[in-house]
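Everything on this sheet refers to the single structure shown next.
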Amino acid sequence: MKVLILGANGEMGPGVIKAIAPHHELRLSDINDFDSPHEYFKVDVSNIAQVVAAAEGMDAIINLAVLRPDRQLAFDVNARGCYNMMMAAVEHKISRVINSGPFYVVAGPTYERFDHLITPDVPHQPGTYLYALTKSLGQEICRVFTLSNDIHVMDLLFYMLLDAETHTGTTGDSIAQLGHDMTPYTTSWQDTGEAFRCALEVDLTTLPSKSECFFVFPDIPHGKFSNEKVRRLLGWDPQDDLSQFWKKTI
């Protein structure tokens, strides 16, 4: 399968590329230049002409592009970028789109603090964060496109990502300590990449609808969110046991 990755040089990019490159032909894109053995397009996702051009000849699109703090840029990347991606999918008859985002696209502050066993199919309550609101709007744009086009969109929702061996995030800083506690929606880089591979390879006819959201988190005891859906529908099976972080030491 020929796969376009938008925002390939961002936080998730390396892990996703590593997981799917052995199985698919990749075309990478980002607003910044970077070295890669794969085909590369310099693309600003807020520019519809650039996104449409990059998607030509592709079978699937993965959207990893994100911008958090700036109000205008966050809207242009997180919301307008999704519109441009879906327009490209319509233009080139691409039936498989995989979008990414944070868990609070579905359940943001302060809702997630007062409930547990939250599934990705609850009514969306993204709260007031700029990041959550713009990503939630982008997700809704994708869903609306599926209503009148032969396009399936899978939204894979994450939060904290770490290396299970070094305990570090993207900056190289430790974000988890053994025997203490961890954010209750943390996923390893390896398992994150595998979630995208599963979404690329799932039979679209087995999905309940053309727009589906998934919480992508391993089994952890906090009980905040449920990963049953991503296991059942996409066959995702996390391999990194993160219990070393949440089991308390005496």
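In the structure tokens, each chain is lettered A, B, ... as it comes, each chain's residues begin at 1, and ligands are numbered from 1 in order of appearance.
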
Within 12 Å of region 152-160 of chain A, which residues of region 39-89 of chain A show up? Give each one with its shortest atom-to-atom distance in Å (one decimal) and the two atoms involved, counting only C-alpha atoms, rows by chain then rising residue number, as JSON lines.
```
{"residue": "A:Asp59", "atom": "CA", "partner": "A:His152", "partner_atom": "CA", "distance": 11.9}
{"residue": "A:Ala60", "atom": "CA", "partner": "A:His152", "partner_atom": "CA", "distance": 10.0}
{"residue": "A:Ile61", "atom": "CA", "partner": "A:Val153", "partner_atom": "CA", "distance": 9.6}
{"residue": "A:Ile62", "atom": "CA", "partner": "A:Met154", "partner_atom": "CA", "distance": 9.6}
{"residue": "A:Asn63", "atom": "CA", "partner": "A:Asp155", "partner_atom": "CA", "distance": 9.5}
{"residue": "A:Leu64", "atom": "CA", "partner": "A:Leu156", "partner_atom": "CA", "distance": 10.2}
{"residue": "A:Cys82", "atom": "CA", "partner": "A:Val153", "partner_atom": "CA", "distance": 10.9}
{"residue": "A:Met85", "atom": "CA", "partner": "A:Val153", "partner_atom": "CA", "distance": 11.0}
{"residue": "A:Met86", "atom": "CA", "partner": "A:Val153", "partner_atom": "CA", "distance": 9.4}
{"residue": "A:Ala89", "atom": "CA", "partner": "A:His152", "partner_atom": "CA", "distance": 10.1}
```

Enumerate, as a PyMOL selection string, the complete set of residues in region 9-69 of chain A that a backbone-based DSSP assignment places in strand (DSSP E).
chain A and resi 25-30+39-42+60-63

Restricted to C-alpha atoms, what would the selected residues look like written as a PDB file, in the first residue's frame?
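again-v9.pdb was written with the following content:
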```
ATOM      1  CA  GLU A  25       5.598   2.176   0.460  1.00  0.00           C
ATOM      2  CA  LEU A  26       5.891   5.540   2.199  1.00  0.00           C
ATOM      3  CA  ARG A  27       5.757   9.134   1.059  1.00  0.00           C
ATOM      4  CA  LEU A  28       6.729  11.430   3.923  1.00  0.00           C
ATOM      5  CA  SER A  29       5.816  15.074   4.250  1.00  0.00           C
ATOM      6  CA  ASP A  30       6.429  17.838   6.751  1.00  0.00           C
ATOM      7  CA  GLU A  39      10.147   9.850  -0.823  1.00  0.00           C
ATOM      8  CA  TYR A  40       9.677  13.297   0.707  1.00  0.00           C
ATOM      9  CA  PHE A  41       7.395  16.257  -0.021  1.00  0.00           C
ATOM     10  CA  LYS A  42       7.716  19.571   1.804  1.00  0.00           C
ATOM     11  CA  ALA A  60      -3.948   5.866   2.400  1.00  0.00           C
ATOM     12  CA  ILE A  61      -3.178   9.009   4.392  1.00  0.00           C
ATOM     13  CA  ILE A  62      -1.858   9.175   7.941  1.00  0.00           C
ATOM     14  CA  ASN A  63      -2.119  12.561   9.635  1.00  0.00           C
TER      15      ASN A  63
END
```

Go through region 205-249 of chain A residue by residue and, counting only C-alpha atoms, keep those with an atom at most 12 Å from region 103-109 of chain A; for each kept residue give the shortest atom pair and its distance in Å to one decimal, ordered by chain and increasing number, as CSV.
```
residue,atom,partner,partner_atom,distance
A:Glu212,CA,A:Val106,CA,11.9
A:Cys213,CA,A:Val106,CA,8.8
A:Phe214,CA,A:Phe103,CA,9.0
A:Phe215,CA,A:Phe103,CA,6.7
A:Val216,CA,A:Phe103,CA,8.6
A:Phe217,CA,A:Phe103,CA,9.7
A:Lys224,CA,A:Ala107,CA,10.4
A:Phe225,CA,A:Phe103,CA,9.1
A:Ser226,CA,A:Phe103,CA,11.2
A:Asn227,CA,A:Phe103,CA,11.5
```

Contact residues around Val144 (chain A) with only C-alpha atoms at 10 Å, ignoring same-chain residues under 4 positions, as a ChimeraX atom specification: /A:83,86,139-140,148-149,211

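One finds CA of His222 (chain A) at 28.6 Å from CA of Val202 (chain A).
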
Computed gap from CA of Thr186 (chain A) to CA of Leu162 (chain A) is 7.3 Å

Excluding Leu67 (chain A) and its own-chain neighbours fewer than 6 positions away, which residues fall within 10 Å of it when counting only C-alpha atoms? Please give them as a PDB file with C-alpha atoms, in the first residue's frame.
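Okay, selection-v6.pdb is ready:
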```
ATOM      1  CA  GLY A  10       6.906  15.344  14.418  1.00  0.00           C
ATOM      2  CA  LEU A  73      -1.640  28.181  13.767  1.00  0.00           C
ATOM      3  CA  ALA A  74      -3.392  25.572  15.905  1.00  0.00           C
ATOM      4  CA  PHE A  75      -6.582  26.126  13.918  1.00  0.00           C
ATOM      5  CA  ASP A  76      -4.725  26.105  10.584  1.00  0.00           C
ATOM      6  CA  VAL A  77      -2.918  22.835  11.329  1.00  0.00           C
ATOM      7  CA  ASN A  78      -5.344  20.900  13.530  1.00  0.00           C
ATOM      8  CA  LEU A 130      -7.032  25.201  22.552  1.00  0.00           C
ATOM      9  CA  TYR A 131      -5.308  21.970  21.494  1.00  0.00           C
ATOM     10  CA  THR A 134      -8.972  22.482  17.423  1.00  0.00           C
ATOM     11  CA  LYS A 135      -8.235  18.749  17.225  1.00  0.00           C
TER      12      LYS A 135
END
```

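Across the structure, CA of Leu234 (chain A) and CA of Arg96 (chain A) are spaced 13.7 Å apart.
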
| query | So which residues touch Ile48 (chain A) within 6 Å, counting only C-alpha atoms, skipping near sequence neighbours fewer than 2 positions away, as a PyMOL selection string? | reply | chain A and resi 50-51+84

task = Taking the chain letters and numbering used in this document, name the residues of region 4-249 of chain A that DSSP puts in alpha helix (DSSP H), as a VMD selection string.
result = chain A and resid 13 to 20 48 to 54 71 to 74 81 to 92 130 to 148 189 to 201 228 to 234 243 to 246

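Among the candidate residues A:Ser36, A:His124, A:Glu56, A:Ile220, the one lying nearest to Glu91 (chain A) is A:Glu56, with distances computed using only C-alpha atoms.
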
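The nearest approach to Ser243 (chain A) among the residues A:Ala164, A:Gln190, A:Ala21, A:Leu204, with only C-alpha atoms taken into account, belongs to A:Ala164.
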